[in-house]
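**Student:** As input, take model_35.txt (compact mmCIF, C-alpha atoms):
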```txt
# COMPACT_ATOMS: atom_id res chain seq x y z
CA VAL A 26 23.84 12.64 26.69
CA LEU A 27 24.15 16.40 26.74
CA PRO A 28 23.13 18.42 29.80
CA ASN A 29 20.56 21.21 29.79
CA PRO A 30 22.44 24.44 29.01
CA THR A 31 19.50 26.52 30.19
CA ALA A 32 19.70 25.03 33.68
CA SER A 33 23.45 25.06 34.06
CA GLY A 34 24.34 28.12 31.97
CA ARG A 35 27.54 28.67 30.06
CA GLY A 36 29.37 26.37 32.43
CA SER A 37 27.95 23.44 30.49
CA LEU A 38 29.18 24.94 27.23
CA LYS A 39 32.67 25.41 28.64
CA PHE A 40 32.66 21.84 29.88
CA MET A 41 31.66 20.54 26.45
CA GLU A 42 34.28 22.67 24.68
CA THR A 43 36.97 21.22 26.94
CA LEU A 44 35.68 17.69 26.54
CA LEU A 45 35.58 17.92 22.75
CA LYS A 46 39.03 19.45 22.58
CA ARG A 47 40.60 16.76 24.75
CA SER A 48 38.83 13.91 22.97
CA GLY A 49 40.72 14.62 19.77
CA THR A 50 39.18 12.82 16.80
CA VAL A 51 37.15 10.24 18.72
CA PRO A 52 33.72 9.75 17.01
CA LEU A 53 30.79 11.39 18.79
CA SER A 54 27.51 9.55 19.26
CA LEU A 55 25.20 12.24 20.59
CA THR A 56 21.87 11.97 22.39
CA ILE A 57 20.51 15.49 22.82
CA ARG A 58 17.66 16.41 25.13
CA TYR A 59 18.06 20.17 24.97
CA LEU A 60 19.29 21.65 21.72
CA GLN A 61 20.23 25.32 22.16
CA ASP A 62 22.17 27.79 20.03
CA LEU A 63 25.03 27.57 22.52
CA PHE A 64 25.62 23.93 21.60
CA ALA A 65 24.59 24.16 17.96
CA GLN A 66 27.66 26.12 16.92
CA LEU A 67 29.84 23.66 18.79
CA PHE A 68 28.28 20.73 16.94
CA ILE A 69 28.80 22.40 13.59
CA GLN A 70 32.51 22.79 14.35
CA HIS A 71 32.78 19.05 15.10
CA ARG A 72 30.27 17.79 12.52
CA HIS A 73 32.92 15.60 10.86
CA ARG A 74 33.10 13.50 14.07
CA ILE A 75 29.40 12.63 14.45
CA PRO A 76 28.34 9.13 13.22
CA SER A 77 25.19 8.95 15.38
CA LEU A 78 22.72 11.68 16.33
CA ASP A 79 19.58 11.26 18.47
CA PRO A 80 17.96 14.65 19.13
CA MET A 81 14.60 15.21 20.83
CA PRO A 82 13.96 18.82 19.86
CA SER A 83 11.10 20.96 21.03
CA ALA A 84 9.18 23.12 18.57
CA ARG A 85 11.44 26.11 19.20
CA GLN A 86 14.54 23.96 18.85
CA MET A 87 13.63 22.56 15.43
CA GLU A 88 15.10 25.60 13.70
CA VAL A 89 18.36 25.07 15.57
CA LEU A 90 18.43 21.42 14.55
CA GLY A 91 17.78 22.45 10.96
CA ARG A 92 20.86 24.67 10.99
CA VAL A 93 23.01 21.83 12.31
CA LEU A 94 21.78 19.40 9.67
CA ASP A 95 21.97 21.97 6.90
CA ASN A 96 25.74 22.20 7.38
CA GLY A 97 26.08 18.54 6.47
CA LEU A 98 27.33 15.66 8.60
CA PRO A 99 29.72 13.73 6.35
CA GLN A 100 30.22 10.81 8.80
CA LEU A 101 26.62 10.49 9.97
CA CYS A 102 25.40 6.89 9.75
CA GLU A 103 22.47 6.94 12.17
CA LEU A 104 19.88 9.68 12.71
CA ARG A 105 16.87 9.36 15.03
CA ILE A 106 14.51 12.31 15.33
CA SER A 107 11.57 12.43 17.73
CA ASN A 108 9.03 15.23 17.74
CA TYR A 109 6.33 15.46 20.38
CA TYR A 110 4.99 18.90 19.52
CA PRO A 111 1.77 18.64 17.45
CA THR A 112 1.40 22.39 16.87
CA PHE A 113 4.64 22.72 14.91
CA SER A 114 5.29 21.68 11.31
CA PRO A 115 9.06 21.43 10.94
CA ASP A 116 11.08 20.64 7.86
CA ILE A 117 14.03 18.31 8.27
CA PRO A 118 16.17 19.32 5.31
CA PHE A 119 18.62 17.68 2.96
CA TYR A 120 19.16 14.07 3.89
CA ASP A 121 21.37 13.96 0.83
CA LEU A 122 23.95 15.97 2.79
CA PHE A 123 24.62 12.76 4.73
CA PRO A 124 26.32 10.43 2.20
CA ARG A 125 26.81 7.62 4.77
CA LEU A 126 23.36 7.66 6.36
CA ALA A 127 22.21 4.05 6.79
CA VAL A 128 19.76 4.18 9.73
CA LEU A 129 16.94 6.73 9.93
CA SER A 130 14.07 7.06 12.40
CA VAL A 131 11.86 10.04 11.70
CA PRO A 132 8.20 11.15 11.83
CA ARG A 133 6.69 10.01 8.56
CA PRO A 134 5.71 13.46 7.18
CA HIS A 135 9.40 14.44 7.17
CA PHE A 136 10.43 11.53 4.95
CA ARG A 137 9.87 13.09 1.54
CA PRO A 138 11.05 12.22 -1.99
CA GLU A 139 13.45 15.17 -2.11
CA CYS A 140 15.05 14.04 1.13
CA ALA A 141 15.35 10.26 0.67
CA PRO A 142 18.99 9.11 0.92
CA LEU A 143 20.28 6.51 -1.52
CA SER A 144 22.51 5.00 1.20
CA LEU A 145 19.59 4.20 3.53
CA ARG A 146 19.33 0.59 4.74
CA HIS A 147 17.08 0.74 7.82
CA LEU A 148 14.06 3.06 8.11
CA VAL A 149 11.62 3.61 10.98
CA LEU A 150 8.64 5.90 10.34
CA THR A 151 6.83 7.14 13.43
CA SER A 152 3.57 8.99 13.93
CA CYS A 153 3.43 12.76 14.10
CA ASP A 154 0.43 15.01 14.71
CA CYS A 155 2.44 18.05 13.71
CA TYR A 156 1.47 17.83 10.06
CA SER A 157 -1.63 17.36 7.93
CA HIS A 158 -2.53 18.03 4.34
CA PRO A 159 -6.05 18.21 2.89
CA LYS A 160 -5.16 16.01 -0.11
CA GLU A 161 -2.53 13.78 1.41
CA ASN A 162 -2.22 10.28 -0.01
CA LEU A 163 0.40 7.54 -0.14
CA ASP A 164 2.23 8.69 -3.27
CA PRO A 165 4.84 10.99 -1.61
CA LEU A 166 5.82 8.20 0.79
CA LEU A 167 5.96 5.62 -2.01
CA ARG A 168 8.13 7.91 -4.18
CA ALA A 169 10.49 8.47 -1.28
CA LEU A 170 10.79 4.74 -0.63
CA HIS A 171 11.42 4.07 -4.31
CA LYS A 172 14.51 6.28 -4.06
CA CYS A 173 15.98 3.90 -1.46
CA PRO A 174 16.84 0.75 -3.47
CA ASN A 175 19.26 -0.44 -0.76
CA LEU A 176 16.62 -0.45 1.98
CA GLU A 177 16.73 -3.68 4.01
CA THR A 178 14.21 -3.08 6.80
CA LEU A 179 11.13 -0.89 6.90
CA THR A 180 9.18 -0.26 10.11
CA VAL A 181 5.99 1.81 10.22
CA LYS A 182 4.52 2.69 13.61
CA SER A 183 0.99 4.10 13.28
CA ALA A 184 2.33 6.53 10.71
CA LEU A 185 0.53 5.89 7.40
CA PRO A 186 -1.58 8.71 5.90
CA TRP A 187 -5.21 8.51 6.89
CA ILE A 188 -7.27 6.96 4.10
CA PRO A 189 -11.09 6.90 4.22
CA ASP A 190 -12.32 3.37 4.77
CA PRO A 191 -14.82 2.26 2.07
CA ARG A 192 -16.72 0.27 4.72
CA GLU A 193 -17.65 3.45 6.57
CA ASP A 194 -20.35 5.97 5.72
CA TYR A 195 -18.73 9.38 5.86
CA SER A 196 -21.87 11.49 5.75
CA GLU A 197 -19.85 14.16 7.50
CA PRO A 198 -16.25 13.62 6.34
CA PRO A 199 -13.43 14.91 8.53
CA PRO A 200 -12.53 18.49 7.53
CA GLN A 201 -8.99 17.55 6.47
CA ILE A 202 -10.33 15.14 3.81
CA LEU A 203 -11.55 17.49 1.10
CA ASP A 204 -10.87 15.37 -1.96
CA PRO A 205 -12.13 11.78 -1.54
CA HIS A 206 -10.94 10.95 -5.05
CA GLY A 207 -7.33 11.73 -4.13
CA ILE A 208 -7.00 8.92 -1.60
CA HIS A 209 -5.81 6.21 -3.97
CA ALA A 210 -2.11 5.65 -4.44
CA SER A 211 -1.05 5.68 -8.09
CA TYR A 212 2.66 5.01 -7.53
CA THR A 213 4.43 1.71 -6.87
CA ALA A 214 7.67 1.51 -4.87
CA TYR A 215 10.18 -1.20 -5.79
CA LEU A 216 12.42 -2.32 -2.93
CA PRO A 217 14.71 -5.05 -4.32
CA ALA A 218 16.90 -5.36 -1.21
CA LEU A 219 14.11 -5.40 1.39
CA GLN A 220 14.50 -8.19 3.95
CA MET A 221 11.73 -7.24 6.39
CA VAL A 222 8.73 -4.93 6.56
CA ASP A 223 6.96 -4.38 9.89
CA ILE A 224 3.77 -2.30 9.96
CA GLN A 225 1.54 -1.41 12.90
CA ASP A 226 -1.47 0.60 11.74
CA TYR A 227 -5.15 0.49 10.80
CA ASP A 228 -6.09 -2.47 8.63
CA TRP A 229 -7.33 -0.54 5.57
CA GLN A 230 -4.35 1.83 5.35
CA THR A 231 -1.98 -1.10 5.79
CA ALA A 232 -3.65 -3.15 3.06
CA VAL A 233 -3.54 -0.28 0.55
CA PHE A 234 0.08 0.55 1.40
CA LEU A 235 1.30 -3.03 1.05
CA SER A 236 -0.45 -3.37 -2.30
CA ARG A 237 1.79 -0.58 -3.65
CA LEU A 238 5.08 -2.15 -2.54
CA ARG A 239 7.11 -4.66 -4.54
CA PHE A 240 9.77 -6.72 -2.74
CA PRO A 241 11.43 -10.15 -3.03
CA ASP A 242 9.52 -13.33 -2.21
CA ALA A 243 11.90 -13.98 0.70
CA THR A 244 11.04 -10.68 2.41
CA ARG A 245 9.56 -11.21 5.86
CA VAL A 246 6.27 -9.38 6.39
CA ARG A 247 4.79 -8.58 9.77
CA VAL A 248 1.62 -6.54 10.20
CA ARG A 249 -0.23 -5.70 13.40
CA VAL A 250 -3.59 -4.23 12.53
CA THR A 251 -6.44 -2.56 14.34
CA GLY A 252 -9.78 -1.51 12.90
CA SER A 253 -13.31 -2.80 12.60
CA GLY A 254 -12.41 -5.94 10.66
CA GLY A 255 -13.60 -7.33 7.36
CA VAL A 256 -10.73 -6.33 5.05
CA LEU A 257 -8.03 -8.94 5.60
CA SER A 258 -8.75 -10.38 2.16
CA ALA A 259 -7.26 -7.15 0.79
CA PHE A 260 -3.90 -8.17 2.24
CA ARG A 261 -3.43 -10.87 -0.38
CA ALA A 262 -2.56 -8.25 -3.01
CA GLY A 263 0.27 -6.89 -0.85
CA ILE A 264 1.56 -10.15 0.64
CA PRO A 265 1.95 -12.60 -2.24
CA GLN A 266 3.58 -15.14 0.10
CA LEU A 267 0.10 -15.89 1.45
CA SER A 268 -1.04 -17.39 -1.84
CA ARG A 269 1.87 -19.85 -1.83
CA ALA A 270 1.78 -20.96 1.82
CA ASP A 271 1.70 -24.69 2.47
CA ARG A 272 1.72 -24.45 6.29
CA VAL A 273 -0.18 -21.96 8.49
CA HIS A 274 -0.24 -21.36 12.24
CA VAL A 275 -3.15 -19.73 14.10
CA ILE A 276 -2.31 -18.89 17.71
CA PHE A 277 -4.35 -16.96 20.30
CA ARG A 278 -2.30 -15.06 22.88
CA GLY A 279 -3.65 -12.39 25.18
CA SER A 280 -5.76 -9.94 23.18
CA TRP A 281 -4.20 -10.93 19.85
CA VAL A 282 -4.44 -13.74 17.34
CA PHE A 283 -1.28 -14.52 15.37
CA VAL A 284 -1.65 -15.92 11.86
CA THR A 285 1.82 -16.96 10.74
CA VAL A 286 3.44 -18.64 7.76
CA PRO A 287 6.80 -20.29 8.48
CA ARG A 288 9.79 -20.10 6.17
CA SER A 289 9.64 -22.97 3.72
CA GLU A 290 13.34 -23.76 4.11
CA ALA A 291 13.37 -23.91 7.91
CA PRO A 292 11.52 -25.96 10.54
CA PHE A 293 9.09 -23.70 12.38
CA ILE A 294 10.46 -24.15 15.88
CA THR A 295 11.52 -20.67 17.00
CA SER A 296 10.16 -17.15 16.89
CA GLU A 297 12.60 -16.33 14.09
CA ASP A 298 11.42 -19.01 11.66
CA TRP A 299 8.41 -17.15 10.27
CA LEU A 300 7.97 -15.59 6.84
CA VAL A 301 4.63 -13.82 7.29
CA SER A 302 2.89 -12.78 10.51
CA VAL A 303 -0.52 -11.11 10.52
CA GLU A 304 -1.62 -10.10 14.00
CA ILE A 305 -5.18 -8.99 14.69
CA GLU A 306 -7.28 -8.25 17.76
CA PRO A 307 -10.10 -10.80 18.09
CA ARG A 308 -11.87 -8.50 20.54
CA ARG A 309 -12.80 -6.27 17.63
CA TYR A 310 -15.25 -9.02 16.64
CA GLY A 311 -16.93 -9.03 20.03
CA ARG A 312 -18.70 -12.35 20.58
CA ASP A 313 -18.72 -13.17 16.87
CA LEU A 314 -15.63 -15.37 16.70
CA GLU A 315 -16.95 -16.88 13.49
CA ALA A 316 -16.22 -13.53 11.85
CA CYS A 317 -12.65 -13.84 13.11
CA ALA A 318 -12.38 -17.31 11.58
CA GLU A 319 -13.79 -16.00 8.30
CA GLU A 320 -11.15 -13.26 8.20
CA ILE A 321 -8.37 -15.77 8.79
CA ARG A 322 -9.73 -17.82 5.90
CA ALA A 323 -9.92 -14.69 3.75
CA LEU A 324 -6.19 -14.17 4.10
CA PHE A 325 -5.57 -17.34 2.09
CA ALA A 326 -8.71 -17.99 0.03
CA PRO A 327 -8.99 -19.12 -2.66
CA THR A 328 -5.57 -20.74 -2.34
CA GLU A 329 -5.42 -24.53 -2.32
CA THR A 330 -1.76 -24.75 -1.35
CA VAL A 331 -2.16 -25.06 2.44
CA LYS A 332 -1.67 -28.67 3.48
CA THR A 333 -0.90 -28.25 7.21
CA LEU A 334 -2.72 -26.08 9.72
CA ALA A 335 -1.49 -25.70 13.32
CA VAL A 336 -4.09 -24.14 15.62
CA ASP A 337 -3.76 -23.23 19.28
CA PRO A 338 -7.20 -22.07 20.49
CA THR A 339 -6.22 -22.35 24.15
CA HIS A 340 -6.61 -18.63 24.76
CA LEU A 341 -9.73 -17.98 22.76
CA PRO A 342 -11.84 -15.43 24.68
CA ILE A 343 -13.85 -17.58 27.09
CA THR A 344 -17.03 -15.52 26.74
CA ALA A 345 -16.96 -15.92 22.96
CA ILE A 346 -17.48 -19.70 23.01
CA GLU A 347 -20.47 -20.47 25.24
CA THR A 348 -21.96 -23.60 23.67
CA PRO A 349 -20.72 -26.73 21.86
CA GLU A 350 -22.52 -25.46 18.78
CA GLN A 351 -20.44 -22.26 18.78
CA TRP A 352 -17.27 -24.32 19.20
CA GLU A 353 -18.26 -26.46 16.24
CA ARG A 354 -19.12 -23.46 14.05
CA TRP A 355 -15.83 -21.77 14.86
CA TRP A 356 -13.80 -24.79 13.83
CA THR A 357 -15.78 -25.67 10.72
CA THR A 358 -15.79 -22.04 9.56
CA LEU A 359 -12.03 -21.94 9.88
CA LEU A 360 -11.32 -25.31 8.30
CA ASP A 361 -13.67 -24.70 5.40
CA GLY A 362 -11.20 -22.14 4.10
CA PHE A 363 -8.51 -24.77 3.54
CA PRO A 364 -9.98 -27.28 1.05
CA LYS A 365 -6.72 -29.20 0.51
CA LEU A 366 -5.86 -29.55 4.19
CA GLU A 367 -4.17 -32.86 5.04
CA ARG A 368 -2.82 -32.31 8.55
CA LEU A 369 -4.21 -30.50 11.58
CA GLU A 370 -1.96 -29.86 14.58
CA VAL A 371 -3.51 -28.90 17.92
CA PRO A 372 -2.37 -28.85 21.59
CA LYS A 373 -2.95 -32.00 23.62
CA ASN A 374 -5.76 -30.44 25.64
CA THR A 375 -7.84 -29.62 22.52
CA SER A 376 -10.70 -32.05 21.94
CA LEU A 377 -11.96 -32.42 18.39
CA LYS A 378 -13.75 -35.76 18.71
CA ASP A 379 -17.17 -34.07 18.69
CA LEU A 380 -16.37 -32.29 15.43
CA ARG A 381 -15.64 -35.34 13.31
CA GLY A 382 -18.44 -35.83 10.85
CA ALA A 383 -19.74 -32.29 11.31
CA ALA A 384 -20.61 -30.32 8.19
CA GLY A 385 -17.51 -28.63 6.86
CA TYR A 386 -15.08 -30.80 8.80
CA PRO A 387 -12.57 -32.35 6.36
CA ALA A 388 -12.80 -36.11 5.97
CA ASP A 389 -9.71 -38.26 6.59
CA LEU A 390 -7.88 -35.35 8.23
CA ASP A 391 -4.64 -36.36 9.90
CA GLU A 392 -4.92 -34.95 13.44
CA VAL A 393 -1.75 -34.75 15.50
CA TRP A 394 -0.69 -33.13 18.74
CA SER A 395 1.54 -30.18 18.14
CA LYS A 396 4.57 -29.14 20.09
CA SER A 397 4.33 -26.09 22.32
CA THR A 398 3.28 -23.05 20.32
CA SER A 399 4.87 -20.59 22.73
CA ASP A 400 7.88 -20.18 20.47
CA MET A 401 5.89 -19.79 17.27
CA ILE A 402 5.03 -16.13 17.87
CA PRO A 403 7.40 -13.50 16.44
CA ASP A 404 9.45 -11.54 18.94
CA SER A 405 8.01 -8.21 19.98
```
Show the structure stored in the file as structure tokens.

**Tutor:**
Amino acid sequence: VLPNPTASGRGSLKFMETLLKRSGTVPLSLTIRYLQDLFAQLFIQHRHRIPSLDPMPSARQMEVLGRVLDNGLPQLCELRISNYYPTFSPDIPFYDLFPRLAVLSVPRPHFRPECAPLSLRHLVLTSCDCYSHPKENLDPLLRALHKCPNLETLTVKSALPWIPDPREDYSEPPPQILDPHGIHASYTAYLPALQMVDIQDYDWQTAVFLSRLRFPDATRVRVRVTGSGGVLSAFRAGIPQLSRADRVHVIFRGSWVFVTVPRSEAPFITSEDWLVSVEIEPRRYGRDLEACAEEIRALFAPTETVKTLAVDPTHLPITAIETPEQWERWWTTLLDGFPKLERLEVPKNTSLKDLRGAAGYPADLDEVWSKSTSDMIPDS
């Protein structure tokens, strides 16, 4: 971790020059908190020794970082760039100057088709308020991803382009959205090596983005969505594993509900044995938990492949279920979405005896006590 040259003057530069000289050819993994011209020239001289670079440049330092990167870093394998300055619109140039780059974390607007490295295996896209475009859509991001056929993991952290939600009435559209007809993605990205995609964003943007990705059936998909609800059915187009699920878990924990599909080839006993995880906030439905149950159903309908459903309602919001009638409606609404259900697993403290014979409750359902569901939630 480099010191602040502004605070300690040229003494810091002299110290670094001595350190680099005495360290010979030892690889340099650099975390930089203050990137100044004094150090930039030194980095350029030793660029062949840098496999890992983690700068946190300010707006004024972005130009300095650009000069360092523009010289090429032939041994660079890992690059993580954070930018917390919303008034600046920097360009991070020429990822193709880094032939070994395998790990990249960067604000999403700076991951462009002309910069996407063929060698990339792990990508993290973060949010950035430093950039906006009046006609921005998903196509530039999709084209950039398509140029990374070796990509194994993709993580998106509240970074997808803003797309107008068709459920909303934009009588006064935001000023940056000038062309409502330009919001639809027309490009499809093929990611044949993808092993996991993890997206945390608004539900509508996430659904549209996933529908434009193509990846292997064994790819693990995790989405954590916020929004006003009502669009989870749109996820089926982007997560084809949902239409083939034969076992589903629904688990309430804290302010989230986890809807997970385990891997077909592994027993679902640990947090690593899931194939699909869709995580939503039930509080966005207020007291209408039936709407939450309907959305969970919508993820799988009209599939008839689900034979086993494991439900842990222990941490349902207490204020949402006030009467036995509400409890019955919640269960029957949920179960009605799984017409071929044969087995229902619930915790020991869950009583279903009052539901048997209720409208919508499956006849001859095999009810069993499940094991603890604490390990069925994916790791954070």

**Student:** Applying 9 Å and all atoms listed in the file, which residues near His171 of chain A remain after dropping the ones on its own chain fewer than 4 positions away? List them as a list in words.

**Tutor:**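 Contacts, with the query itself left out: Pro138, Ala141, Leu166, Leu167, Thr213, Ala214, Tyr215 and Leu216 of chain A.
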
**Student:** Give me, as a list in words, all polymer residues having an atom no more than 6 Å from Val286 of chain A, counting only C-alpha atoms and skipping those fewer than 3 positions away in the same chain.

**Tutor:**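 Once the nearby chain positions are removed, what remains is Val273, Trp299, Leu300 and Val301 of chain A.
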
**Student:** Please provide as a list in words all residues within 8 Å of Ser258 of chain A, with the sequence filter that same-chain residues fewer than 5 positions apart are discarded (counting all atoms listed in the file).

**Tutor:** Glu320, Ala323, Leu324, Phe325 and Ala326 of chain A

**Student:** Would you work out the distance separating atom CA of Leu53 of chain A from atom CA of Leu67 of chain A, expressed in Å to one decimal?

**Tutor:**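 Atom CA of Leu53 of chain A sits 12.3 Å away from atom CA of Leu67 of chain A.
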
**Student:** Calculated over all atoms listed in the file, which of the candidates A:Gln66, A:Gln61, A:Arg105, A:Val331 has the smallest distance to Glu88 of chain A?

**Tutor:**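 Closest candidate: A:Gln61.
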